[in-house]
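Novice: Structure supplied as target11.tsv; contents: TSV, C-alpha atoms.
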chain	number	residue	atom	x	y	z
A	143	MET	CA	-97.21	10.42	60.59
A	144	ARG	CA	-98.17	9.58	57.03
A	145	LYS	CA	-95.62	8.41	54.46
A	146	ASP	CA	-96.31	11.28	52.05
A	147	GLU	CA	-95.95	13.67	54.98
A	148	THR	CA	-92.49	12.38	55.87
A	149	ASP	CA	-91.53	12.36	52.18
A	150	GLN	CA	-92.42	16.04	52.14
A	151	TRP	CA	-90.41	16.62	55.30
A	152	GLY	CA	-87.43	14.88	53.74
A	153	ALA	CA	-87.71	17.12	50.69
A	154	TRP	CA	-87.92	20.21	52.88
A	155	MET	CA	-84.90	19.12	54.88
A	156	ALA	CA	-82.96	18.53	51.68
A	157	ALA	CA	-83.88	22.06	50.61
A	158	ALA	CA	-82.86	23.36	54.03
A	159	GLN	CA	-79.49	21.67	53.69
A	160	GLY	CA	-79.05	23.76	50.57
A	161	GLY	CA	-79.86	26.93	52.52
A	162	HIS	CA	-83.60	27.32	51.74
A	163	GLY	CA	-84.90	29.14	54.81
A	164	GLY	CA	-88.56	29.11	53.80
A	165	ALA	CA	-88.73	25.35	53.44
A	166	TYR	CA	-86.83	24.99	56.69
A	167	ARG	CA	-89.23	27.26	58.59
A	168	ARG	CA	-92.20	25.20	57.35
A	169	LEU	CA	-90.43	22.00	58.27
A	170	LEU	CA	-89.59	23.20	61.77
A	171	GLY	CA	-93.18	24.28	62.32
A	172	GLU	CA	-94.48	20.81	61.45
A	173	LEU	CA	-91.72	19.05	63.35
A	174	ARG	CA	-92.56	21.10	66.42
A	175	GLN	CA	-96.12	19.75	66.34
A	176	TRP	CA	-94.86	16.21	65.88
A	177	LEU	CA	-92.35	16.59	68.70
A	178	LEU	CA	-94.99	18.03	71.03
A	179	ARG	CA	-97.06	14.89	70.51
A	180	TYR	CA	-93.99	12.66	70.80
A	181	PHE	CA	-92.79	14.09	74.11
A	182	ALA	CA	-96.28	14.57	75.56
A	183	ARG	CA	-96.59	10.79	75.62
A	184	ARG	CA	-93.18	10.28	77.21
A	185	LEU	CA	-92.38	13.13	79.62
A	186	PRO	CA	-94.04	15.05	82.45
A	187	PRO	CA	-96.03	18.04	81.08
A	188	GLY	CA	-93.59	20.55	82.55
A	189	GLN	CA	-90.71	19.09	80.56
A	190	VAL	CA	-92.34	18.80	77.15
A	191	GLU	CA	-91.69	22.29	75.81
A	192	ASP	CA	-88.04	22.24	76.89
A	193	ALA	CA	-87.55	18.83	75.30
A	194	VAL	CA	-89.13	20.04	72.06
A	195	GLN	CA	-86.88	23.09	71.91
A	196	GLU	CA	-83.76	21.06	72.71
A	197	THR	CA	-84.64	18.58	70.00
A	198	LEU	CA	-85.29	21.33	67.45
A	199	ILE	CA	-81.86	22.78	68.20
A	200	ALA	CA	-80.30	19.31	67.91
A	201	LEU	CA	-82.04	18.77	64.56
A	202	HIS	CA	-80.72	22.14	63.43
A	203	GLU	CA	-77.14	21.50	64.56
A	204	LYS	CA	-77.06	18.00	63.09
A	205	ARG	CA	-79.05	18.60	59.91
A	206	HIS	CA	-75.96	17.73	57.85
A	207	THR	CA	-76.25	14.12	59.07
A	208	TYR	CA	-79.56	13.58	57.26
A	209	ASP	CA	-79.04	11.77	53.96
A	210	PRO	CA	-81.71	12.99	51.50
A	211	ALA	CA	-81.50	9.65	49.68
A	212	ARG	CA	-82.94	7.92	52.75
A	213	PRO	CA	-86.31	8.18	54.55
A	214	PHE	CA	-86.68	11.12	56.90
A	215	ARG	CA	-88.70	9.40	59.60
A	216	PRO	CA	-86.02	7.05	61.02
A	217	TRP	CA	-83.58	9.97	61.24
A	218	LEU	CA	-86.10	12.20	62.99
A	219	ALA	CA	-87.23	9.41	65.34
A	220	ALA	CA	-83.63	8.55	66.24
A	221	VAL	CA	-82.81	12.15	67.15
A	222	ALA	CA	-86.03	12.55	69.15
A	223	ARG	CA	-85.41	9.28	70.97
A	224	TYR	CA	-81.85	10.31	71.75
A	225	LYS	CA	-83.00	13.61	73.27
A	226	TRP	CA	-85.74	11.82	75.17
A	227	ILE	CA	-83.29	9.36	76.72
A	228	ASP	CA	-80.89	12.21	77.44
A	229	ARG	CA	-83.63	14.02	79.31
A	230	LEU	CA	-84.62	10.92	81.22
A	231	ARG	CA	-81.02	10.48	82.33
A	232	ALA	CA	-80.89	14.13	83.38
A	233	MET	CA	-84.11	13.70	85.35
A	234	GLY	CA	-82.57	10.70	87.06
A	235	ARG	CA	-79.53	12.75	88.08
A	236	GLU	CA	-81.57	15.70	89.38
A	237	ARG	CA	-82.01	15.92	93.11
A	238	THR	CA	-85.56	15.66	94.32
A	239	ASP	CA	-85.29	17.44	97.67
A	240	GLU	CA	-88.57	18.06	99.41
A	241	LEU	CA	-89.58	21.71	99.39
A	242	PRO	CA	-89.73	23.30	102.85
A	243	ASP	CA	-93.12	24.59	104.04
A	244	THR	CA	-91.67	28.06	104.54
A	245	ILE	CA	-90.52	28.53	100.96
A	246	GLY	CA	-91.44	31.92	99.49
A	247	ILE	CA	-93.77	32.16	96.52
A	248	GLU	CA	-93.08	35.70	95.33
A	249	ASP	CA	-92.07	35.99	91.73
A	250	HIS	CA	-88.58	37.05	90.66
A	251	GLU	CA	-89.54	39.75	88.23
A	252	SER	CA	-87.89	42.57	90.13
A	253	ASP	CA	-84.69	40.59	90.50
A	254	VAL	CA	-84.52	39.70	86.84
A	255	THR	CA	-85.11	43.27	85.72
A	256	SER	CA	-82.49	44.64	88.03
A	257	ALA	CA	-79.51	45.56	85.89
A	258	VAL	CA	-76.97	44.85	88.59
A	259	LEU	CA	-78.37	41.48	89.41
A	260	LEU	CA	-78.73	40.63	85.74
A	261	ARG	CA	-75.05	41.35	85.22
A	262	ASP	CA	-74.21	39.03	88.12
A	263	LEU	CA	-76.46	36.35	86.73
A	264	ILE	CA	-74.96	36.57	83.26
A	265	ALA	CA	-71.50	36.25	84.77
A	266	ARG	CA	-72.44	32.72	85.81
A	267	LEU	CA	-72.88	31.62	82.20
A	268	LYS	CA	-70.22	30.28	79.89
A	269	PRO	CA	-68.16	33.08	78.26
A	270	ALA	CA	-69.57	32.39	74.78
A	271	GLN	CA	-73.14	32.55	76.12
A	272	GLN	CA	-72.35	35.75	78.04
A	273	GLN	CA	-71.01	37.40	74.89
A	274	ALA	CA	-73.96	36.36	72.75
A	275	ILE	CA	-76.60	37.49	75.25
A	276	ARG	CA	-74.86	40.79	76.05
A	277	LEU	CA	-74.44	41.74	72.40
A	278	VAL	CA	-77.82	40.65	71.03
A	279	LYS	CA	-80.18	40.94	73.97
A	280	LEU	CA	-78.68	43.84	75.94
A	281	ASP	CA	-76.72	45.89	73.43
A	282	GLY	CA	-79.10	45.41	70.51
A	283	TYR	CA	-76.73	43.98	67.92
A	284	SER	CA	-78.10	41.67	65.25
A	285	VAL	CA	-77.13	38.01	65.23
A	286	GLU	CA	-74.86	38.61	62.24
A	287	GLU	CA	-73.15	41.55	63.92
A	288	ALA	CA	-72.67	39.53	67.09
A	289	SER	CA	-71.29	36.71	64.98
A	290	ALA	CA	-68.75	39.05	63.39
A	291	ARG	CA	-67.72	40.50	66.74
A	292	THR	CA	-67.38	37.22	68.59
A	293	GLY	CA	-66.14	34.91	65.87
A	294	GLN	CA	-69.02	32.52	66.59
A	295	SER	CA	-71.11	31.36	63.64
A	296	PRO	CA	-74.63	32.87	63.45
A	297	SER	CA	-76.13	29.50	64.34
A	298	LEU	CA	-73.87	29.22	67.35
A	299	VAL	CA	-74.80	32.73	68.49
A	300	LYS	CA	-78.47	31.72	68.37
A	301	VAL	CA	-77.83	28.50	70.18
A	302	ASN	CA	-75.76	30.26	72.84
A	303	ILE	CA	-78.51	32.83	73.37
A	304	HIS	CA	-81.11	30.11	73.64
A	305	ARG	CA	-79.12	27.97	76.03
A	306	GLY	CA	-77.89	30.95	78.03
A	307	LEU	CA	-81.39	32.29	78.56
A	308	LYS	CA	-82.54	28.87	79.57
A	309	GLN	CA	-79.67	28.60	82.01
A	310	LEU	CA	-80.52	32.04	83.39
A	311	ALA	CA	-84.09	30.96	83.92
A	312	ALA	CA	-82.85	27.91	85.79
A	313	ILE	CA	-80.52	30.01	87.93
A	314	VAL	CA	-83.30	32.44	88.77
A	315	GLY	CA	-85.60	29.57	89.57
A	316	GLN	CA	-83.07	28.06	91.96
A	317	SER	CA	-82.15	31.35	93.68
A	318	PRO	CA	-83.30	31.79	97.29
A	319	ASP	CA	-85.94	34.45	97.79
A	320	ASP	CA	-83.78	36.70	99.91
A	321	GLU	CA	-81.34	37.37	97.06
B	119	MET	CA	-88.13	31.87	74.78
B	120	THR	CA	-91.16	30.64	72.83
B	121	SER	CA	-90.84	27.86	70.29
B	122	GLU	CA	-92.10	30.15	67.53
B	123	TYR	CA	-89.31	32.61	68.25
B	124	LEU	CA	-86.79	29.78	68.29
B	125	LEU	CA	-88.05	28.50	64.94
B	126	ASP	CA	-87.73	31.95	63.40
B	127	GLU	CA	-84.22	32.29	64.80
B	128	LEU	CA	-83.12	28.91	63.50
B	129	ALA	CA	-84.60	29.46	60.04
B	130	SER	CA	-83.32	32.99	59.56
B	131	GLY	CA	-79.88	33.27	58.05
B	132	LEU	CA	-79.82	29.56	57.19
B	133	THR	CA	-76.67	28.60	55.31
B	134	PRO	CA	-75.99	25.51	53.17
B	135	VAL	CA	-74.29	22.63	54.96
B	136	ARG	CA	-71.88	20.01	53.71
B	137	LEU	CA	-73.60	16.67	54.09
B	138	ARG	CA	-71.99	14.01	56.19
B	139	SER	CA	-71.00	10.92	54.22
B	140	ALA	CA	-70.08	7.67	55.96
B	141	ARG	CA	-68.20	6.60	52.85
B	142	ARG	CA	-66.10	9.77	52.83
B	143	ASP	CA	-65.45	9.46	56.56
B	144	GLY	CA	-64.44	5.82	56.09
B	145	MET	CA	-62.07	6.70	53.27
B	146	MET	CA	-60.46	9.44	55.35
B	147	VAL	CA	-59.94	7.08	58.26
B	148	GLY	CA	-58.61	4.39	55.92
B	149	ALA	CA	-56.14	6.82	54.37
B	150	LEU	CA	-54.97	7.95	57.79
B	151	ALA	CA	-54.52	4.34	58.88
B	152	LEU	CA	-52.47	3.47	55.81
B	153	ILE	CA	-50.30	6.56	56.25
B	154	GLU	CA	-49.63	5.61	59.87
B	155	LEU	CA	-48.70	2.08	58.89
B	156	ALA	CA	-46.50	3.24	56.02
B	157	LEU	CA	-44.66	5.75	58.23
B	158	PHE	CA	-44.19	3.11	60.92
B	159	LEU	CA	-42.65	0.66	58.46
B	160	MET	CA	-40.59	3.31	56.66
B	161	MET	CA	-39.05	4.30	59.99
B	162	GLY	CA	-37.71	0.77	60.23
B	163	PHE	CA	-40.07	-0.55	62.86
B	164	HIS	CA	-40.51	-4.02	61.47
B	165	ARG	CA	-39.22	-7.30	62.77
B	166	PRO	CA	-36.01	-8.45	61.08
B	167	ASP	CA	-37.14	-12.07	60.89
B	168	MET	CA	-40.33	-11.33	58.98
B	169	ALA	CA	-39.76	-14.03	56.35
B	170	HIS	CA	-39.23	-16.66	59.04
B	171	ALA	CA	-42.22	-15.46	61.06
B	172	MET	CA	-44.50	-15.72	58.05
B	173	ALA	CA	-44.02	-19.47	58.13
B	174	GLU	CA	-45.65	-19.60	61.58
B	175	PRO	CA	-49.44	-19.99	61.84
B	176	SER	CA	-49.51	-17.52	64.73
B	177	PHE	CA	-48.28	-14.78	62.36
B	178	TRP	CA	-51.32	-15.16	60.13
B	179	TRP	CA	-53.61	-15.62	63.12
B	180	LYS	CA	-52.50	-12.26	64.50
B	181	LEU	CA	-52.62	-10.53	61.12
B	182	VAL	CA	-56.10	-11.72	60.19
B	183	THR	CA	-57.61	-11.32	63.66
B	184	LEU	CA	-56.34	-7.80	64.31
B	185	GLY	CA	-57.00	-6.63	60.76
B	186	LEU	CA	-60.56	-7.93	60.72
B	187	LEU	CA	-61.28	-6.65	64.21
B	188	ALA	CA	-60.03	-3.18	63.27
B	189	ILE	CA	-62.10	-3.12	60.07
B	190	VAL	CA	-65.28	-4.35	61.76
B	191	ALA	CA	-64.98	-2.01	64.76
B	192	VAL	CA	-64.00	1.09	62.76
B	193	ALA	CA	-66.75	0.48	60.18
B	194	THR	CA	-69.24	0.00	63.01
B	195	ALA	CA	-68.12	3.22	64.66
B	196	VAL	CA	-68.23	5.32	61.49
B	197	ARG	CA	-71.64	4.00	60.48
B	198	SER	CA	-73.02	4.63	63.96
B	199	PHE	CA	-72.28	8.36	63.71
B	200	ASP	CA	-75.51	8.46	61.71
B	201	PRO	CA	-78.29	8.73	64.33
B	202	ALA	CA	-80.48	6.25	62.48
B	203	ILE	CA	-77.87	3.47	62.56
B	204	ALA	CA	-77.20	1.54	65.77
B	205	PRO	CA	-73.79	-0.02	66.44
B	206	HIS	CA	-75.08	-3.07	68.29
B	207	ARG	CA	-74.87	-5.54	65.42
B	208	GLY	CA	-71.32	-4.49	64.58
B	209	LEU	CA	-70.28	-4.85	68.19
B	210	ARG	CA	-71.77	-8.33	68.28
B	211	TRP	CA	-69.73	-9.20	65.19
B	212	ALA	CA	-66.61	-7.87	66.89
B	213	ALA	CA	-67.33	-9.96	69.99
B	214	TRP	CA	-67.89	-13.03	67.83
B	215	LEU	CA	-64.61	-12.33	66.05
B	216	GLY	CA	-62.77	-11.96	69.34
B	217	GLY	CA	-64.19	-15.23	70.62
B	218	SER	CA	-63.28	-17.05	67.42
B	219	ALA	CA	-59.74	-15.65	67.61
B	220	LEU	CA	-59.38	-17.02	71.14
B	221	LEU	CA	-60.46	-20.47	69.98
B	222	VAL	CA	-58.05	-20.48	67.05
B	223	GLY	CA	-55.26	-19.18	69.30
B	224	TRP	CA	-55.96	-21.96	71.77
B	225	GLY	CA	-55.69	-24.47	68.92
B	226	ILE	CA	-52.36	-23.04	67.77
B	227	ASP	CA	-51.08	-22.94	71.34
B	228	ALA	CA	-52.02	-26.57	71.93
B	229	THR	CA	-49.87	-27.66	69.00
B	230	HIS	CA	-46.85	-25.38	69.60
B	231	HIS	CA	-46.37	-24.17	73.15
B	232	ALA	CA	-48.35	-26.43	75.43
B	233	SER	CA	-45.35	-27.65	77.42
B	234	ALA	CA	-43.79	-24.26	78.42
B	235	PRO	CA	-44.44	-22.73	81.89
B	236	LEU	CA	-47.26	-20.19	81.77
B	237	LEU	CA	-45.80	-17.28	83.75
B	238	ALA	CA	-42.48	-17.39	81.93
B	239	ARG	CA	-44.30	-17.23	78.60
B	240	LEU	CA	-45.97	-13.94	79.54
B	241	GLU	CA	-42.60	-12.09	79.76
B	242	TRP	CA	-43.93	-9.26	81.92
B	243	ARG	CA	-41.25	-6.68	81.15
B	244	ALA	CA	-41.54	-7.05	77.37
B	245	GLY	CA	-45.30	-7.28	77.65
B	246	VAL	CA	-45.66	-3.92	79.39
B	247	GLY	CA	-43.53	-2.35	76.65
B	248	CYS	CA	-45.76	-3.91	73.98
B	249	LEU	CA	-48.85	-2.67	75.79
B	250	PHE	CA	-47.52	0.88	75.94
B	251	ALA	CA	-46.56	0.86	72.25
B	252	MET	CA	-49.95	-0.48	71.18
B	253	VAL	CA	-51.82	2.19	73.12
B	254	LEU	CA	-49.56	4.88	71.66
B	255	LEU	CA	-50.12	3.62	68.12
B	256	SER	CA	-53.88	3.62	68.62
B	257	LEU	CA	-53.95	7.36	69.35
B	258	PRO	CA	-54.04	8.69	65.73
B	259	MET	CA	-57.05	6.51	64.94
B	260	LEU	CA	-58.68	7.36	68.26
B	261	ILE	CA	-58.31	11.09	67.63
B	262	ALA	CA	-59.56	10.84	64.03
B	263	LEU	CA	-62.63	8.84	65.03
B	264	THR	CA	-63.36	11.19	67.92
B	265	VAL	CA	-63.34	14.17	65.55
B	266	LEU	CA	-65.74	12.34	63.21
B	267	MET	CA	-67.92	11.31	66.13
B	268	ARG	CA	-68.20	14.90	67.31
B	269	ARG	CA	-69.20	16.02	63.83
B	270	GLY	CA	-71.72	13.21	63.47
B	271	ALA	CA	-74.79	12.51	65.58
B	272	PRO	CA	-74.38	9.13	67.29
B	273	ALA	CA	-77.69	8.29	68.93
B	274	HIS	CA	-76.12	5.41	70.90
B	275	ARG	CA	-73.22	7.42	72.22
B	276	ARG	CA	-71.82	4.90	74.68
B	277	GLU	CA	-71.87	1.99	72.24
B	278	SER	CA	-70.36	4.17	69.51
B	279	ALA	CA	-67.64	5.21	71.94
B	280	LEU	CA	-66.93	1.55	72.66
B	281	ALA	CA	-66.68	0.82	68.94
B	282	VAL	CA	-64.32	3.77	68.50
B	283	GLY	CA	-62.11	2.59	71.35
B	284	LEU	CA	-62.09	-0.98	70.08
B	285	GLY	CA	-61.38	0.05	66.48
B	286	ALA	CA	-58.52	2.33	67.50
B	287	ALA	CA	-57.10	-0.34	69.82
B	288	ALA	CA	-57.26	-3.06	67.17
B	289	TRP	CA	-55.61	-0.80	64.61
B	290	GLY	CA	-52.87	0.20	67.06
B	291	ALA	CA	-52.23	-3.48	67.77
B	292	PHE	CA	-52.27	-4.28	64.05
B	293	VAL	CA	-49.58	-1.68	63.33
B	294	PHE	CA	-47.51	-2.81	66.28
B	295	PHE	CA	-47.78	-6.42	65.17
B	296	PHE	CA	-45.33	-5.74	62.32
B	297	CYS	CA	-42.50	-5.02	64.75
B	298	CYS	CA	-43.44	-7.38	67.57
B	299	GLY	CA	-41.19	-10.42	67.68
B	300	HIS	CA	-43.46	-12.48	69.95
B	301	ASP	CA	-45.40	-15.32	68.37
B	302	ASP	CA	-46.51	-17.20	71.49
B	303	PRO	CA	-50.35	-17.27	71.39
B	304	LEU	CA	-50.57	-16.93	75.17
B	305	TYR	CA	-48.43	-13.81	75.11
B	306	ILE	CA	-50.46	-12.41	72.21
B	307	VAL	CA	-53.82	-13.11	73.80
B	308	PHE	CA	-52.79	-11.67	77.16
B	309	TRP	CA	-50.92	-8.51	76.15
B	310	TYR	CA	-52.68	-7.70	72.90
B	311	GLY	CA	-56.01	-8.52	74.53
B	312	LEU	CA	-55.20	-6.32	77.52
B	313	GLY	CA	-54.17	-3.44	75.24
B	314	CYS	CA	-57.39	-3.70	73.25
B	315	VAL	CA	-59.59	-4.00	76.33
B	316	LEU	CA	-57.96	-1.05	78.12
B	317	THR	CA	-58.18	1.25	75.08
B	318	ALA	CA	-61.75	0.20	74.34
B	319	LEU	CA	-62.80	0.81	77.94
B	320	ALA	CA	-61.04	4.17	78.00
B	321	GLY	CA	-62.93	5.14	74.85
B	322	ARG	CA	-66.19	3.92	76.33
B	323	ALA	CA	-65.61	5.92	79.52
B	324	LEU	CA	-64.21	9.16	78.10
B	325	LEU	CA	-65.66	9.73	74.65
B	326	PRO	CA	-69.30	10.14	75.75
B	327	LEU	CA	-68.13	13.13	77.80
B	328	VAL	CA	-66.72	14.99	74.80
B	329	THR	CA	-69.22	13.96	72.13
B	330	ARG	CA	-72.48	15.02	73.74
B	331	TRP	CA	-74.87	16.79	71.38
I'd like the structure from this file rewritten - as structure tokens, please.
Specialist:
Amino acid sequence: MRKDETDQWGAWMAAAQGGHGGAYRRLLGELRQWLLRYFARRLPPGQVEDAVQETLIALHEKRHTYDPARPFRPWLAAVARYKWIDRLRAMGRERTDELPDTIGIEDHESDVTSAVLLRDLIARLKPAQQQAIRLVKLDGYSVEEASARTGQSPSLVKVNIHRGLKQLAAIVGQSPDDE
Amino acid sequence: MTSEYLLDELASGLTPVRLRSARRDGMMVGALALIELALFLMMGFHRPDMAHAMAEPSFWWKLVTLGLLAIVAVATAVRSFDPAIAPHRGLRWAAWLGGSALLVGWGIDATHHASAPLLARLEWRAGVGCLFAMVLLSLPMLIALTVLMRRGAPAHRRESALAVGLGAAAWGAFVFFFCCGHDDPLYIVFWYGLGCVLTALAGRALLPLVTRW
């Protein structure tokens, strides 16, 4: 990471804090590449993409804590490090049961596309995530419309969709094959 | 969800944000603290023998120790809500301050109360009341700092939580000090110390659960 590069990132973040979506989109694109490299050196390959997305959401939610008068790099590195440690702790808490030899290997596509099962799956999410996913992903409302209907901010709707879908994927992944 | 989709989602509909300022947070906390102290004194909760107590070295020992500890711990906590600032140095200062206070208290005790029986000097019944009052008085500061911590982005969540607990505890003890009629250093160290340790540990244990980001 070059100094002029991080100076540019700091300027883009300052613009994003003022509501400049274009600068923010460019910044996120470059940060994603940086985070991919950062986590690739620190996490198992299967965890890298999730860690990058979580960190991008954290950067988005906490962008008001960046002080434009100060260098961008320490702020970015601190957030990335925090999410890395958080993930390491989560990995430490996860159970590492041995998979049985008889475990099925069929995919879950039919289950996921089943409307009835999908409704059951969504019911396992937090109410705010359920609302956001139902309105935007199933009923076709825009994020702004969902925001108006639920009282959640647009950013929160997006975050709830993202986290809810991730949670759904985890639930599907953990479901036994005979479901 | 692909990262590209996520980036588009995050960037679309971006709204301006109000920047976090440690100075503004500090001023808000300071104002709240002064309001709490003023209300406490205006309600008549101050010791009647204040003028006499001010002649005792233990009065100034308590005042300076608790005031400094509260300032150091609260400043450490507020600063650490910035992800790029670690609270470790501030916590070390607070520990150094606590150790120094113990030494000074021991010196005062050696010159004033060395001959009294230890258990009688602890006054258990009064001590438990003091402990309860101190914890109660620490709650406004604890709540205010927790709100600020949730809005900030502490990258060392557990240490920040400890600083929050310690700062709130020291401030609660500082406010209570104005109505506490006990000047025995042993009593002060035991009950005030216990109140601070319990509140700090409670903050360290509970706050990380509600400030995850």
Novice: Give me the chain A side of the contact with chain B, cut-off 10 Å, one line per residue showing its nearest atom pair and distance in Å at one decimal, counting only C-alpha atoms, sorted by chain and residue number, as a tab-separated table.
Specialist:
residue	atom	partner	partner_atom	distance
A:Ala156	CA	B:Leu137	CA	9.8
A:Ala157	CA	B:Pro134	CA	9.0
A:Ala158	CA	B:Pro134	CA	7.2
A:Gln159	CA	B:Pro134	CA	5.2
A:Gly160	CA	B:Pro134	CA	4.4
A:Gly161	CA	B:Pro134	CA	4.2
A:His162	CA	B:Leu132	CA	7.0
A:Gly163	CA	B:Ala129	CA	5.2
A:Gly164	CA	B:Ala129	CA	7.4
A:Ala165	CA	B:Ala129	CA	8.8
A:Tyr166	CA	B:Ala129	CA	6.0
A:Arg167	CA	B:Ala129	CA	5.3
A:Arg168	CA	B:Ala129	CA	9.1
A:Leu169	CA	B:Leu125	CA	9.6
A:Leu170	CA	B:Leu125	CA	6.4
A:Gly171	CA	B:Leu125	CA	7.1
A:Arg174	CA	B:Ser121	CA	8.0
A:Glu191	CA	B:Ser121	CA	7.9
A:Asp192	CA	B:Ser121	CA	9.1
A:Val194	CA	B:Ser121	CA	8.2
A:Gln195	CA	B:Ser121	CA	6.4
A:Glu196	CA	B:Trp331	CA	10.0
A:Leu198	CA	B:Leu125	CA	8.1
A:Ile199	CA	B:Leu128	CA	7.8
A:Ala200	CA	B:Trp331	CA	6.9
A:Leu201	CA	B:Ala271	CA	9.6
A:His202	CA	B:Leu128	CA	7.2
A:Glu203	CA	B:Trp331	CA	8.6
A:Lys204	CA	B:Ala271	CA	6.4
A:Arg205	CA	B:Val135	CA	8.0
A:His206	CA	B:Leu137	CA	4.6
A:Thr207	CA	B:Arg138	CA	5.1
A:Tyr208	CA	B:Leu137	CA	7.4
A:Asp209	CA	B:Leu137	CA	7.3
A:Pro210	CA	B:Leu137	CA	9.3
A:Phe214	CA	B:Ala202	CA	9.7
A:Arg215	CA	B:Ala202	CA	9.3
A:Pro216	CA	B:Ala202	CA	5.8
A:Trp217	CA	B:Ala202	CA	5.0
A:Leu218	CA	B:Ala202	CA	8.2
A:Ala219	CA	B:Ala202	CA	8.0
A:Ala220	CA	B:Ala202	CA	5.4
A:Val221	CA	B:Pro201	CA	6.3
A:Ala222	CA	B:Ala273	CA	9.4
A:Arg223	CA	B:Ala273	CA	8.0
A:Tyr224	CA	B:Ala273	CA	5.4
A:Lys225	CA	B:Ala273	CA	8.7
A:Ile227	CA	B:Ala273	CA	9.7
A:Asp228	CA	B:Arg330	CA	9.6
A:Val285	CA	B:Gly131	CA	9.0
A:Glu286	CA	B:Gly131	CA	8.4
A:Pro296	CA	B:Gly131	CA	7.5
A:Ser297	CA	B:Leu128	CA	7.1
A:Lys300	CA	B:Glu127	CA	6.8
A:Val301	CA	B:Leu128	CA	8.5
A:Ile303	CA	B:Met119	CA	9.8
A:His304	CA	B:Met119	CA	7.3
A:Arg305	CA	B:Met119	CA	9.9
A:Leu307	CA	B:Met119	CA	7.7
A:Lys308	CA	B:Met119	CA	7.9
Novice: Might you pull out every residue within 9 Å of Phe292 (chain B), with only C-alpha atoms counted and same-chain residues fewer than 2 positions away left off, and present them as a list in words?
Specialist: Leu155, Lys180, Leu181, Thr183, Leu184, Gly185, Ala188, Met252, Ala287, Ala288, Trp289, Gly290, Phe294, Phe295 and Phe296 of chain B
Novice: Compare B:Leu325, B:Leu304, B:Leu319, B:Leu249 by their minimum atom-to-atom distance to Ala228 (chain B), counting all atoms listed in the file, and give me the closest one.
Specialist: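 Looking at the shortest contact to Ala228 (chain B), the residue is B:Leu304.
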Novice: Between CA of Arg235 (chain A) and CA of Asp262 (chain A), what is the distance, to one decimal in Å?
Specialist: 26.8 Å
Novice: Out of B:Met146, B:Ala244, B:Val253, B:Val282, which residue has the shortest atom-to-atom distance to Gly208 (chain B) when counting all atoms listed in the file?
Specialist: B:Val282
Novice: In Å to one decimal, how far is CA of Leu186 (chain B) from CA of Leu257 (chain B)?
Specialist: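 So the two atoms, CA of Leu257 (chain B) and CA of Leu186 (chain B), lie 18.8 Å apart.
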